[in-house]
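Shown next: my_file-v1.pdb, given as PDB, C-alpha atoms, pLDDT in the B column.
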MODEL        1
ATOM      1  CA  MET A   2      72.569 -70.746  95.283  1.00 95.00           C
ATOM      2  CA  ALA A   3      74.956 -72.801  97.360  1.00 97.00           C
ATOM      3  CA  TRP A   4      74.410 -71.324 100.830  1.00 98.00           C
ATOM      4  CA  ASP A   5      76.919 -72.465 103.428  1.00 95.00           C
ATOM      5  CA  ALA A   6      76.062 -74.333 106.642  1.00 93.00           C
ATOM      6  CA  ARG A   7      74.965 -71.029 108.225  1.00 94.00           C
ATOM      7  CA  GLY A   8      72.819 -70.142 105.206  1.00 97.00           C
ATOM      8  CA  LEU A   9      75.284 -67.468 104.054  1.00 98.00           C
ATOM      9  CA  VAL A  10      77.485 -66.611 101.080  1.00 98.00           C
ATOM     10  CA  PRO A  11      80.190 -63.935 100.855  1.00 98.00           C
ATOM     11  CA  ALA A  12      79.133 -60.857  98.900  1.00 98.00           C
ATOM     12  CA  ILE A  13      81.601 -58.376  97.422  1.00 98.00           C
ATOM     13  CA  ALA A  14      80.729 -54.773  96.584  1.00 98.00           C
ATOM     14  CA  GLN A  15      82.623 -53.135  93.723  1.00 98.00           C
ATOM     15  CA  GLU A  16      82.252 -49.464  92.777  1.00 98.00           C
ATOM     16  CA  ALA A  17      80.709 -49.138  89.333  1.00 97.00           C
ATOM     17  CA  GLY A  18      82.645 -46.072  88.252  1.00 93.00           C
ATOM     18  CA  THR A  19      86.150 -46.782  89.516  1.00 96.00           C
ATOM     19  CA  GLY A  20      86.142 -50.575  89.744  1.00 97.00           C
ATOM     20  CA  LYS A  21      87.456 -50.291  93.311  1.00 98.00           C
ATOM     21  CA  LEU A  22      86.702 -53.130  95.690  1.00 98.00           C
ATOM     22  CA  LEU A  23      84.755 -51.543  98.504  1.00 98.00           C
ATOM     23  CA  MET A  24      83.999 -54.322 100.969  1.00 98.00           C
ATOM     24  CA  LEU A  25      83.156 -57.939 101.567  1.00 98.00           C
ATOM     25  CA  ALA A  26      80.119 -58.810 103.655  1.00 98.00           C
ATOM     26  CA  TRP A  27      77.690 -61.735 103.902  1.00 98.00           C
ATOM     27  CA  MET A  28      74.246 -62.416 102.525  1.00 98.00           C
ATOM     28  CA  ASN A  29      71.552 -64.864 103.440  1.00 98.00           C
ATOM     29  CA  ARG A  30      68.528 -65.599 101.294  1.00 98.00           C
ATOM     30  CA  GLU A  31      66.567 -62.678 102.745  1.00 98.00           C
ATOM     31  CA  ALA A  32      69.422 -60.205 102.189  1.00 98.00           C
ATOM     32  CA  LEU A  33      69.714 -61.227  98.551  1.00 98.00           C
ATOM     33  CA  SER A  34      65.970 -61.091  98.096  1.00 98.00           C
ATOM     34  CA  GLN A  35      65.735 -57.584  99.606  1.00 98.00           C
ATOM     35  CA  THR A  36      68.682 -56.441  97.492  1.00 98.00           C
ATOM     36  CA  VAL A  37      66.987 -57.661  94.330  1.00 98.00           C
ATOM     37  CA  LYS A  38      63.648 -56.156  95.320  1.00 97.00           C
ATOM     38  CA  THR A  39      64.923 -52.706  96.338  1.00 98.00           C
ATOM     39  CA  ASN A  40      68.111 -52.311  94.244  1.00 98.00           C
ATOM     40  CA  VAL A  41      69.847 -51.245  97.447  1.00 98.00           C
ATOM     41  CA  ALA A  42      72.469 -53.513  99.038  1.00 98.00           C
ATOM     42  CA  HIS A  43      71.325 -55.592 102.011  1.00 98.00           C
ATOM     43  CA  TYR A  44      73.622 -57.907 103.920  1.00 98.00           C
ATOM     44  CA  TRP A  45      73.390 -60.219 106.898  1.00 98.00           C
ATOM     45  CA  SER A  46      75.223 -58.786 109.885  1.00 96.00           C
ATOM     46  CA  ARG A  47      77.006 -61.656 111.605  1.00 94.00           C
ATOM     47  CA  SER A  48      77.903 -59.492 114.616  1.00 92.00           C
ATOM     48  CA  ARG A  49      74.374 -58.168 115.156  1.00 94.00           C
ATOM     49  CA  ASN A  50      72.722 -61.304 113.779  1.00 95.00           C
ATOM     50  CA  LYS A  51      70.204 -59.358 111.748  1.00 97.00           C
ATOM     51  CA  LEU A  52      69.378 -58.142 108.286  1.00 98.00           C
ATOM     52  CA  TRP A  53      71.403 -55.028 107.544  1.00 96.00           C
ATOM     53  CA  ARG A  54      70.519 -52.437 104.947  1.00 98.00           C
ATOM     54  CA  LYS A  55      73.977 -51.018 104.254  1.00 97.00           C
ATOM     55  CA  GLY A  56      73.880 -47.309 105.120  1.00 95.00           C
ATOM     56  CA  GLU A  57      70.813 -47.557 107.343  1.00 94.00           C
ATOM     57  CA  ARG A  58      72.561 -45.452 110.001  1.00 91.00           C
ATOM     58  CA  SER A  59      75.188 -43.554 107.995  1.00 92.00           C
ATOM     59  CA  GLY A  60      73.118 -42.831 104.899  1.00 95.00           C
ATOM     60  CA  HIS A  61      75.937 -44.407 102.879  1.00 96.00           C
ATOM     61  CA  VAL A  62      73.691 -46.752 100.967  1.00 98.00           C
ATOM     62  CA  GLN A  63      74.802 -48.731  97.941  1.00 98.00           C
ATOM     63  CA  ARG A  64      72.672 -48.467  94.810  1.00 98.00           C
ATOM     64  CA  VAL A  65      72.941 -51.760  92.993  1.00 98.00           C
ATOM     65  CA  ARG A  66      73.547 -51.686  89.259  1.00 98.00           C
ATOM     66  CA  GLU A  67      74.297 -55.339  88.673  1.00 98.00           C
ATOM     67  CA  ILE A  68      74.330 -58.626  90.588  1.00 98.00           C
ATOM     68  CA  ARG A  69      76.666 -61.433  89.612  1.00 98.00           C
ATOM     69  CA  LEU A  70      77.166 -64.988  90.804  1.00 98.00           C
ATOM     70  CA  ASP A  71      80.253 -67.155  90.435  1.00 98.00           C
ATOM     71  CA  CYS A  72      80.769 -70.587  88.876  1.00 97.00           C
ATOM     72  CA  ASP A  73      80.124 -72.482  92.110  1.00 96.00           C
ATOM     73  CA  SER A  74      77.110 -70.307  92.977  1.00 98.00           C
ATOM     74  CA  ASP A  75      78.619 -69.593  96.384  1.00 97.00           C
ATOM     75  CA  SER A  76      79.837 -65.981  96.005  1.00 98.00           C
ATOM     76  CA  ILE A  77      77.976 -62.833  95.008  1.00 98.00           C
ATOM     77  CA  LEU A  78      79.373 -59.730  93.322  1.00 98.00           C
ATOM     78  CA  LEU A  79      77.460 -56.458  93.515  1.00 98.00           C
ATOM     79  CA  ILE A  80      78.323 -53.604  91.171  1.00 98.00           C
ATOM     80  CA  VAL A  81      77.213 -50.530  93.102  1.00 98.00           C
ATOM     81  CA  GLU A  82      77.172 -46.776  93.323  1.00 98.00           C
ATOM     82  CA  GLN A  83      78.448 -45.914  96.790  1.00 98.00           C
ATOM     83  CA  VAL A  84      76.415 -42.975  98.066  1.00 97.00           C
ATOM     84  CA  GLY A  85      78.569 -40.521 100.021  1.00 96.00           C
ATOM     85  CA  GLY A  86      81.753 -42.081  98.688  1.00 97.00           C
ATOM     86  CA  ILE A  87      82.346 -43.918 101.991  1.00 97.00           C
ATOM     87  CA  ALA A  88      81.796 -47.651 102.330  1.00 97.00           C
ATOM     88  CA  CYS A  89      83.785 -48.359 105.514  1.00 97.00           C
ATOM     89  CA  HIS A  90      82.586 -47.830 109.074  1.00 95.00           C
ATOM     90  CA  THR A  91      86.008 -46.290 109.818  1.00 96.00           C
ATOM     91  CA  GLY A  92      85.070 -43.361 107.566  1.00 96.00           C
ATOM     92  CA  ARG A  93      87.287 -44.494 104.688  1.00 98.00           C
ATOM     93  CA  GLU A  94      86.295 -44.868 101.056  1.00 98.00           C
ATOM     94  CA  ARG A  95      86.549 -48.634 101.353  1.00 98.00           C
ATOM     95  CA  CYS A  96      87.323 -51.416 103.772  1.00 98.00           C
ATOM     96  CA  PHE A  97      90.450 -52.712 101.991  1.00 98.00           C
ATOM     97  CA  TYR A  98      92.698 -49.944 103.264  1.00 98.00           C
ATOM     98  CA  LYS A  99      95.545 -52.043 104.679  1.00 98.00           C
ATOM     99  CA  ARG A 100      98.332 -53.137 102.347  1.00 98.00           C
ATOM    100  CA  LEU A 101     101.079 -55.628 103.034  1.00 98.00           C
ATOM    101  CA  GLU A 102     104.436 -53.846 103.005  1.00 97.00           C
ATOM    102  CA  ASN A 103     107.611 -55.476 104.286  1.00 92.00           C
ATOM    103  CA  GLU A 104     105.624 -58.094 106.190  1.00 91.00           C
ATOM    104  CA  HIS A 105     103.451 -55.506 107.937  1.00 96.00           C
ATOM    105  CA  TRP A 106      99.940 -54.252 107.255  1.00 98.00           C
ATOM    106  CA  SER A 107     100.170 -50.535 106.500  1.00 98.00           C
ATOM    107  CA  VAL A 108      97.168 -48.240 106.434  1.00 98.00           C
ATOM    108  CA  VAL A 109      97.316 -46.654 102.976  1.00 98.00           C
ATOM    109  CA  GLU A 110      93.993 -44.839 102.690  1.00 97.00           C
ATOM    110  CA  PRO A 111      92.848 -41.792 104.661  1.00 97.00           C
ATOM    111  CA  VAL A 112      89.817 -41.338 106.887  1.00 97.00           C
ATOM    112  CA  LEU A 113      87.523 -39.087 104.860  1.00 97.00           C
ATOM    113  CA  LYS A 114      85.047 -38.436 107.644  1.00 95.00           C
ATOM    114  CA  ASP A 115      85.228 -38.952 111.407  1.00 93.00           C
ATOM    115  CA  PRO A 116      83.060 -41.974 112.329  1.00 93.00           C
ATOM    116  CA  ASP A 117      81.711 -39.996 115.312  1.00 90.00           C
ATOM    117  CA  THR A 118      80.282 -37.537 112.813  1.00 90.00           C
ATOM    118  CA  ILE A 119      78.848 -40.332 110.707  1.00 90.00           C
ATOM    119  CA  TYR A 120      77.279 -42.398 113.471  1.00 87.00           C
ATOM    120  CA  GLY A 121      76.988 -40.019 116.429  1.00 77.00           C
ATOM    121  CA  GLU A 122      79.038 -40.433 119.568  1.00 59.00           C
ATOM    122  CA  ASP A 123      76.963 -42.912 121.537  1.00 50.00           C
TER     123      ASP A 123
ATOM    124  CA  MET B  26      94.312 -61.798 110.965  1.00 95.00           C
ATOM    125  CA  ALA B  27      90.873 -62.878 112.101  1.00 97.00           C
ATOM    126  CA  TRP B  28      90.723 -66.451 110.808  1.00 98.00           C
ATOM    127  CA  ASP B  29      87.289 -68.041 111.048  1.00 95.00           C
ATOM    128  CA  ALA B  30      86.471 -71.187 113.026  1.00 93.00           C
ATOM    129  CA  ARG B  31      87.967 -73.306 110.214  1.00 94.00           C
ATOM    130  CA  GLY B  32      91.122 -71.179 110.116  1.00 97.00           C
ATOM    131  CA  LEU B  33      90.093 -69.558 106.812  1.00 98.00           C
ATOM    132  CA  VAL B  34      89.327 -66.133 105.365  1.00 98.00           C
ATOM    133  CA  PRO B  35      87.779 -65.315 101.980  1.00 98.00           C
ATOM    134  CA  ALA B  36      90.296 -64.030  99.423  1.00 98.00           C
ATOM    135  CA  ILE B  37      89.308 -62.092  96.324  1.00 98.00           C
ATOM    136  CA  ALA B  38      91.450 -61.846  93.199  1.00 98.00           C
ATOM    137  CA  GLN B  39      91.161 -58.698  91.109  1.00 98.00           C
ATOM    138  CA  GLU B  40      92.914 -58.215  87.752  1.00 98.00           C
ATOM    139  CA  ALA B  41      95.493 -55.461  87.997  1.00 97.00           C
ATOM    140  CA  GLY B  42      95.031 -54.097  84.503  1.00 93.00           C
ATOM    141  CA  THR B  43      91.275 -54.166  84.043  1.00 96.00           C
ATOM    142  CA  GLY B  44      90.055 -54.055  87.636  1.00 97.00           C
ATOM    143  CA  LYS B  45      87.831 -57.057  86.892  1.00 98.00           C
ATOM    144  CA  LEU B  46      86.876 -59.316  89.769  1.00 98.00           C
ATOM    145  CA  LEU B  47      88.217 -62.712  88.837  1.00 98.00           C
ATOM    146  CA  MET B  48      87.263 -65.054  91.658  1.00 98.00           C
ATOM    147  CA  LEU B  49      86.725 -65.581  95.341  1.00 98.00           C
ATOM    148  CA  ALA B  50      88.539 -68.415  97.082  1.00 98.00           C
ATOM    149  CA  TRP B  51      89.742 -69.147 100.615  1.00 98.00           C
ATOM    150  CA  MET B  52      93.055 -68.850 102.389  1.00 98.00           C
ATOM    151  CA  ASN B  53      94.441 -70.334 105.541  1.00 98.00           C
ATOM    152  CA  ARG B  54      97.613 -69.148 107.234  1.00 98.00           C
ATOM    153  CA  GLU B  55      99.795 -71.382 105.067  1.00 98.00           C
ATOM    154  CA  ALA B  56      98.182 -70.192 101.827  1.00 98.00           C
ATOM    155  CA  LEU B  57      98.751 -66.567 102.771  1.00 98.00           C
ATOM    156  CA  SER B  58     102.301 -67.286 103.841  1.00 98.00           C
ATOM    157  CA  GLN B  59     103.104 -69.088 100.555  1.00 98.00           C
ATOM    158  CA  THR B  60     101.471 -66.275  98.582  1.00 98.00           C
ATOM    159  CA  VAL B  61     103.621 -63.694 100.331  1.00 98.00           C
ATOM    160  CA  LYS B  62     106.766 -65.768  99.945  1.00 97.00           C
ATOM    161  CA  THR B  63     106.357 -66.638  96.242  1.00 98.00           C
ATOM    162  CA  ASN B  64     104.282 -63.709  94.897  1.00 98.00           C
ATOM    163  CA  VAL B  65     102.022 -66.297  93.287  1.00 98.00           C
ATOM    164  CA  ALA B  66      98.477 -66.820  94.588  1.00 98.00           C
ATOM    165  CA  HIS B  67      97.936 -69.816  96.853  1.00 98.00           C
ATOM    166  CA  TYR B  68      94.557 -70.735  98.283  1.00 98.00           C
ATOM    167  CA  TRP B  69      93.119 -73.431 100.489  1.00 98.00           C
ATOM    168  CA  SER B  70      90.969 -75.827  98.493  1.00 96.00           C
ATOM    169  CA  ARG B  71      87.938 -76.662 100.606  1.00 94.00           C
ATOM    170  CA  SER B  72      86.843 -79.441  98.227  1.00 92.00           C
ATOM    171  CA  ARG B  73      90.251 -81.136  98.091  1.00 94.00           C
ATOM    172  CA  ASN B  74      91.200 -80.069 101.608  1.00 95.00           C
ATOM    173  CA  LYS B  75      94.701 -79.087 100.611  1.00 97.00           C
ATOM    174  CA  LEU B  76      96.919 -76.155  99.765  1.00 98.00           C
ATOM    175  CA  TRP B  77      96.280 -75.101  96.187  1.00 96.00           C
ATOM    176  CA  ARG B  78      98.686 -73.121  94.057  1.00 97.00           C
ATOM    177  CA  LYS B  79      96.255 -71.515  91.626  1.00 97.00           C
ATOM    178  CA  GLY B  80      97.177 -72.666  88.133  1.00 95.00           C
ATOM    179  CA  GLU B  81      99.155 -75.698  89.280  1.00 94.00           C
ATOM    180  CA  ARG B  82      97.394 -77.864  86.696  1.00 91.00           C
ATOM    181  CA  SER B  83      96.246 -75.309  84.098  1.00 92.00           C
ATOM    182  CA  GLY B  84      99.289 -73.056  84.114  1.00 95.00           C
ATOM    183  CA  HIS B  85      96.925 -70.147  84.764  1.00 96.00           C
ATOM    184  CA  VAL B  86      98.835 -68.827  87.730  1.00 98.00           C
ATOM    185  CA  GLN B  87      98.191 -65.465  89.329  1.00 98.00           C
ATOM    186  CA  ARG B  88     101.172 -63.175  89.817  1.00 98.00           C
ATOM    187  CA  VAL B  89     100.509 -61.087  92.881  1.00 98.00           C
ATOM    188  CA  ARG B  90     101.176 -57.372  92.697  1.00 98.00           C
ATOM    189  CA  GLU B  91      99.569 -56.268  95.927  1.00 98.00           C
ATOM    190  CA  ILE B  92      97.920 -57.807  98.991  1.00 98.00           C
ATOM    191  CA  ARG B  93      95.280 -55.926 100.940  1.00 98.00           C
ATOM    192  CA  LEU B  94      93.363 -56.612 104.123  1.00 98.00           C
ATOM    193  CA  ASP B  95      90.043 -55.148 105.216  1.00 98.00           C
ATOM    194  CA  CYS B  96      89.030 -53.222 108.330  1.00 97.00           C
ATOM    195  CA  ASP B  97      88.002 -56.325 110.284  1.00 97.00           C
ATOM    196  CA  SER B  98      91.101 -58.263 109.150  1.00 98.00           C
ATOM    197  CA  ASP B  99      88.884 -61.077 107.918  1.00 97.00           C
ATOM    198  CA  SER B 100      89.007 -60.647 104.113  1.00 98.00           C
ATOM    199  CA  ILE B 101      91.962 -60.532 101.738  1.00 98.00           C
ATOM    200  CA  LEU B 102      92.183 -58.763  98.388  1.00 98.00           C
ATOM    201  CA  LEU B 103      94.859 -59.799  95.890  1.00 98.00           C
ATOM    202  CA  ILE B 104      95.691 -57.561  92.956  1.00 98.00           C
ATOM    203  CA  VAL B 105      97.013 -59.983  90.355  1.00 98.00           C
ATOM    204  CA  GLU B 106      98.127 -60.502  86.810  1.00 98.00           C
ATOM    205  CA  GLN B 107      96.157 -63.468  85.519  1.00 98.00           C
ATOM    206  CA  VAL B 108      98.462 -65.551  83.350  1.00 97.00           C
ATOM    207  CA  GLY B 109      96.673 -66.947  80.287  1.00 96.00           C
ATOM    208  CA  GLY B 110      93.740 -64.572  80.811  1.00 97.00           C
ATOM    209  CA  ILE B 111      91.620 -67.368  82.291  1.00 97.00           C
ATOM    210  CA  ALA B 112      90.853 -67.559  86.003  1.00 97.00           C
ATOM    211  CA  CYS B 113      87.856 -69.908  85.987  1.00 97.00           C
ATOM    212  CA  HIS B 114      87.966 -73.687  85.789  1.00 95.00           C
ATOM    213  CA  THR B 115      85.129 -73.476  83.237  1.00 96.00           C
ATOM    214  CA  GLY B 116      87.571 -71.855  80.796  1.00 96.00           C
ATOM    215  CA  ARG B 117      86.142 -68.376  81.225  1.00 98.00           C
ATOM    216  CA  GLU B 118      88.078 -65.208  81.981  1.00 98.00           C
ATOM    217  CA  ARG B 119      86.609 -65.097  85.454  1.00 98.00           C
ATOM    218  CA  CYS B 120      84.291 -66.925  87.791  1.00 98.00           C
ATOM    219  CA  PHE B 121      81.655 -64.177  88.067  1.00 98.00           C
ATOM    220  CA  TYR B 122      80.084 -64.920  84.693  1.00 98.00           C
ATOM    221  CA  LYS B 123      76.432 -65.223  85.778  1.00 98.00           C
ATOM    222  CA  ARG B 124      74.335 -62.077  85.966  1.00 98.00           C
ATOM    223  CA  LEU B 125      70.876 -61.673  87.457  1.00 98.00           C
ATOM    224  CA  GLU B 126      68.421 -60.758  84.701  1.00 97.00           C
ATOM    225  CA  ASN B 127      64.669 -60.862  85.212  1.00 92.00           C
ATOM    226  CA  GLU B 128      65.039 -63.065  88.288  1.00 91.00           C
ATOM    227  CA  HIS B 129      67.244 -65.606  86.488  1.00 96.00           C
ATOM    228  CA  TRP B 130      70.990 -66.130  86.418  1.00 98.00           C
ATOM    229  CA  SER B 131      72.161 -65.649  82.830  1.00 98.00           C
ATOM    230  CA  VAL B 132      75.584 -66.693  81.606  1.00 98.00           C
ATOM    231  CA  VAL B 133      77.035 -63.502  80.140  1.00 98.00           C
ATOM    232  CA  GLU B 134      80.672 -64.386  79.464  1.00 97.00           C
ATOM    233  CA  PRO B 135      82.005 -66.851  76.901  1.00 97.00           C
ATOM    234  CA  VAL B 136      84.156 -69.938  77.376  1.00 97.00           C
ATOM    235  CA  LEU B 137      87.539 -68.906  76.017  1.00 97.00           C
ATOM    236  CA  LYS B 138      89.076 -72.347  76.128  1.00 95.00           C
ATOM    237  CA  ASP B 139      87.567 -75.814  76.494  1.00 93.00           C
ATOM    238  CA  PRO B 140      88.293 -77.093  80.034  1.00 93.00           C
ATOM    239  CA  ASP B 141      89.163 -80.498  78.544  1.00 90.00           C
ATOM    240  CA  THR B 142      91.997 -78.779  76.693  1.00 90.00           C
ATOM    241  CA  ILE B 143      93.097 -76.999  79.846  1.00 90.00           C
ATOM    242  CA  TYR B 144      92.999 -79.919  82.263  1.00 87.00           C
ATOM    243  CA  GLY B 145      93.042 -83.010  80.039  1.00 77.00           C
ATOM    244  CA  GLU B 146      90.089 -85.321  79.776  1.00 59.00           C
ATOM    245  CA  ASP B 147      90.612 -87.570  82.764  1.00 50.00           C
TER     246      ASP B 147
ENDMDL
END
Now, as a test, write the supplied structure out as structure tokens.
Amino acid sequence: MAWDARGLVPAIAQEAGTGKLLMLAWMNREALSQTVKTNVAHYWSRSRNKLWRKGERSGHVQRVREIRLDCDSDSILLIVEQVGGIACHTGRERCFYKRLENEHWSVVEPVLKDPDTIYGED
Amino acid sequence: MAWDARGLVPAIAQEAGTGKLLMLAWMNREALSQTVKTNVAHYWSRSRNKLWRKGERSGHVQRVREIRLDCDSDSILLIVEQVGGIACHTGRERCFYKRLENEHWSVVEPVLKDPDTIYGED
């Protein structure tokens, strides 16, 4: 593995059934190790600076079916089952919900569940 | 756009027809701008430290059908048609050709074309 200067690599989650790109997050060695051990996606949260079991608050965990590595060994691809059908903290199916249209980013996917309901209001 | 400290964001290319993840590379503002302007994928080469029109040597350009951005505006997704059916510099269909199997990375996709044939031998 070719970890970057921070000890991280980008990790992409793709839905097994639909092939949809759900999200891109980051992994360090521990996140990858925990993912392999538990078959549930773990990332490194750069904002909270801690190991992050995806879905630990929302219940929207990702069951890992397959782990792939690219030619340069510096990017990870997870093929996952997205529990709850919501990967994004905004309550959308996935994080890639903005599309470039006429030089503007348009939101093209709906909120499926109010984040306040997912995470509580505090 | 939330460019990182180097002025970059990760950019993923996904094949329009098959939904396969082809590669992850990096974009700076110029690469994104050229991609939008030409509808052909441009990245920033971190190894060569220059703008890189994907396929400029191999002919394996990526025609861009759609550009997406994620919730945090720090990752790009390109939906592309991969000309020549080869995205990886190793001559494989895509860069994510190593799969974790029994704690080892196994190569699970074939070389479709000898890189020497693609790039010349020098």
Within 12 Å of B:Ser58 using all atoms listed in the file, minus same-chain residues under 4 positions, as a PyMOL selection string = (chain A and resi 101+104) or (chain B and resi 52-54+62-69+76+78+92)
query = Taking only C-alpha atoms into account, which residues of chain A are within 10 Å of chain B, as a PyMOL selection string?
reply = chain A and resi 11-13+15+19-26+37-38+67-79+89-91+93+95-104+106-109
Over all C-alpha pairs taken in sequence order, what does chain B look like after a least-squares fit onto chain A? Please give it as a compact mmCIF listing (two decimals) with C-alpha atoms, in the coordinates of the input.
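Just written: superposed-v1.txt:
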# COMPACT_ATOMS: atom_id res chain seq x y z
CA MET B 26 72.56 -70.75 95.29
CA ALA B 27 74.96 -72.79 97.38
CA TRP B 28 74.41 -71.31 100.84
CA ASP B 29 76.93 -72.46 103.43
CA ALA B 30 76.07 -74.32 106.63
CA ARG B 31 74.97 -71.02 108.22
CA GLY B 32 72.82 -70.14 105.21
CA LEU B 33 75.29 -67.46 104.06
CA VAL B 34 77.48 -66.60 101.08
CA PRO B 35 80.19 -63.93 100.86
CA ALA B 36 79.14 -60.85 98.90
CA ILE B 37 81.60 -58.37 97.43
CA ALA B 38 80.74 -54.77 96.58
CA GLN B 39 82.63 -53.14 93.73
CA GLU B 40 82.26 -49.46 92.78
CA ALA B 41 80.71 -49.13 89.35
CA GLY B 42 82.65 -46.07 88.27
CA THR B 43 86.15 -46.78 89.53
CA GLY B 44 86.14 -50.57 89.74
CA LYS B 45 87.45 -50.29 93.31
CA LEU B 46 86.71 -53.13 95.70
CA LEU B 47 84.76 -51.55 98.51
CA MET B 48 84.00 -54.32 100.98
CA LEU B 49 83.16 -57.94 101.58
CA ALA B 50 80.11 -58.80 103.66
CA TRP B 51 77.69 -61.72 103.90
CA MET B 52 74.24 -62.41 102.54
CA ASN B 53 71.55 -64.86 103.44
CA ARG B 54 68.53 -65.59 101.28
CA GLU B 55 66.57 -62.68 102.75
CA ALA B 56 69.41 -60.20 102.20
CA LEU B 57 69.71 -61.22 98.56
CA SER B 58 65.96 -61.09 98.10
CA GLN B 59 65.73 -57.58 99.62
CA THR B 60 68.68 -56.44 97.50
CA VAL B 61 66.99 -57.66 94.34
CA LYS B 62 63.65 -56.16 95.32
CA THR B 63 64.93 -52.70 96.35
CA ASN B 64 68.11 -52.30 94.25
CA VAL B 65 69.86 -51.25 97.45
CA ALA B 66 72.47 -53.52 99.05
CA HIS B 67 71.32 -55.59 102.01
CA TYR B 68 73.62 -57.90 103.93
CA TRP B 69 73.39 -60.21 106.90
CA SER B 70 75.21 -58.78 109.89
CA ARG B 71 77.01 -61.64 111.60
CA SER B 72 77.89 -59.49 114.63
CA ARG B 73 74.36 -58.18 115.16
CA ASN B 74 72.72 -61.31 113.78
CA LYS B 75 70.19 -59.38 111.76
CA LEU B 76 69.37 -58.14 108.29
CA TRP B 77 71.40 -55.03 107.56
CA ARG B 78 70.52 -52.44 104.97
CA LYS B 79 73.96 -51.01 104.26
CA GLY B 80 73.89 -47.32 105.13
CA GLU B 81 70.82 -47.55 107.35
CA ARG B 82 72.55 -45.46 110.02
CA SER B 83 75.19 -43.56 108.01
CA GLY B 84 73.14 -42.83 104.91
CA HIS B 85 75.95 -44.41 102.88
CA VAL B 86 73.70 -46.74 100.97
CA GLN B 87 74.80 -48.74 97.95
CA ARG B 88 72.67 -48.48 94.83
CA VAL B 89 72.94 -51.76 93.00
CA ARG B 90 73.54 -51.69 89.27
CA GLU B 91 74.30 -55.33 88.67
CA ILE B 92 74.34 -58.62 90.59
CA ARG B 93 76.67 -61.43 89.60
CA LEU B 94 77.17 -64.98 90.80
CA ASP B 95 80.25 -67.15 90.44
CA CYS B 96 80.77 -70.58 88.88
CA ASP B 97 80.12 -72.49 92.11
CA SER B 98 77.10 -70.30 92.99
CA ASP B 99 78.62 -69.58 96.38
CA SER B 100 79.85 -65.97 96.01
CA ILE B 101 77.98 -62.82 95.01
CA LEU B 102 79.38 -59.72 93.33
CA LEU B 103 77.45 -56.45 93.51
CA ILE B 104 78.32 -53.60 91.18
CA VAL B 105 77.22 -50.52 93.11
CA GLU B 106 77.18 -46.78 93.32
CA GLN B 107 78.45 -45.91 96.78
CA VAL B 108 76.43 -42.98 98.07
CA GLY B 109 78.57 -40.50 100.02
CA GLY B 110 81.77 -42.09 98.68
CA ILE B 111 82.35 -43.92 101.98
CA ALA B 112 81.80 -47.66 102.33
CA CYS B 113 83.78 -48.36 105.51
CA HIS B 114 82.59 -47.83 109.06
CA THR B 115 86.00 -46.29 109.81
CA GLY B 116 85.08 -43.37 107.54
CA ARG B 117 87.29 -44.50 104.69
CA GLU B 118 86.29 -44.88 101.06
CA ARG B 119 86.54 -48.64 101.35
CA CYS B 120 87.32 -51.41 103.77
CA PHE B 121 90.44 -52.71 102.00
CA TYR B 122 92.69 -49.93 103.26
CA LYS B 123 95.54 -52.05 104.69
CA ARG B 124 98.32 -53.13 102.36
CA LEU B 125 101.08 -55.64 103.05
CA GLU B 126 104.44 -53.85 103.01
CA ASN B 127 107.61 -55.47 104.29
CA GLU B 128 105.63 -58.09 106.20
CA HIS B 129 103.44 -55.50 107.95
CA TRP B 130 99.94 -54.25 107.26
CA SER B 131 100.17 -50.52 106.50
CA VAL B 132 97.17 -48.23 106.43
CA VAL B 133 97.31 -46.66 102.97
CA GLU B 134 93.98 -44.83 102.67
CA PRO B 135 92.84 -41.79 104.64
CA VAL B 136 89.82 -41.33 106.87
CA LEU B 137 87.53 -39.09 104.85
CA LYS B 138 85.06 -38.44 107.62
CA ASP B 139 85.23 -38.96 111.38
CA PRO B 140 83.07 -41.99 112.30
CA ASP B 141 81.72 -40.03 115.28
CA THR B 142 80.28 -37.55 112.79
CA ILE B 143 78.84 -40.35 110.69
CA TYR B 144 77.27 -42.43 113.44
CA GLY B 145 76.99 -40.05 116.40
CA GLU B 146 79.02 -40.51 119.54
CA ASP B 147 76.91 -43.00 121.44
key: atom CA of B:Glu118 to atom CA of B:His85, distance in Å rounded to a single decimal   =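 A separation of 10.5 Å between them.
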ask   = What is the atom CA of B:Ile104 to atom CA of A:Gly85 distance in Å?
value =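 Separation between atom CA of B:Ile104 and atom CA of A:Gly85: 25.2 Å.
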query = Distance atom CA of B:Ala41-atom CA of B:Val89, one decimal place?
reply =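 Taking atom CA of B:Ala41 and atom CA of B:Val89, their separation equals 9.0 Å.
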Around all the atoms of stretch 69-80 of chain A listed in the file, with 5 Å of room on each side, what axis-aligned box do you get, giving centre and edge lengths in Å to one decimal, as AutoDock Vina command-line options?
--center_x 78.7 --center_y -63.0 --center_z 92.6 --size_x 14.1 --size_y 28.9 --size_z 17.5
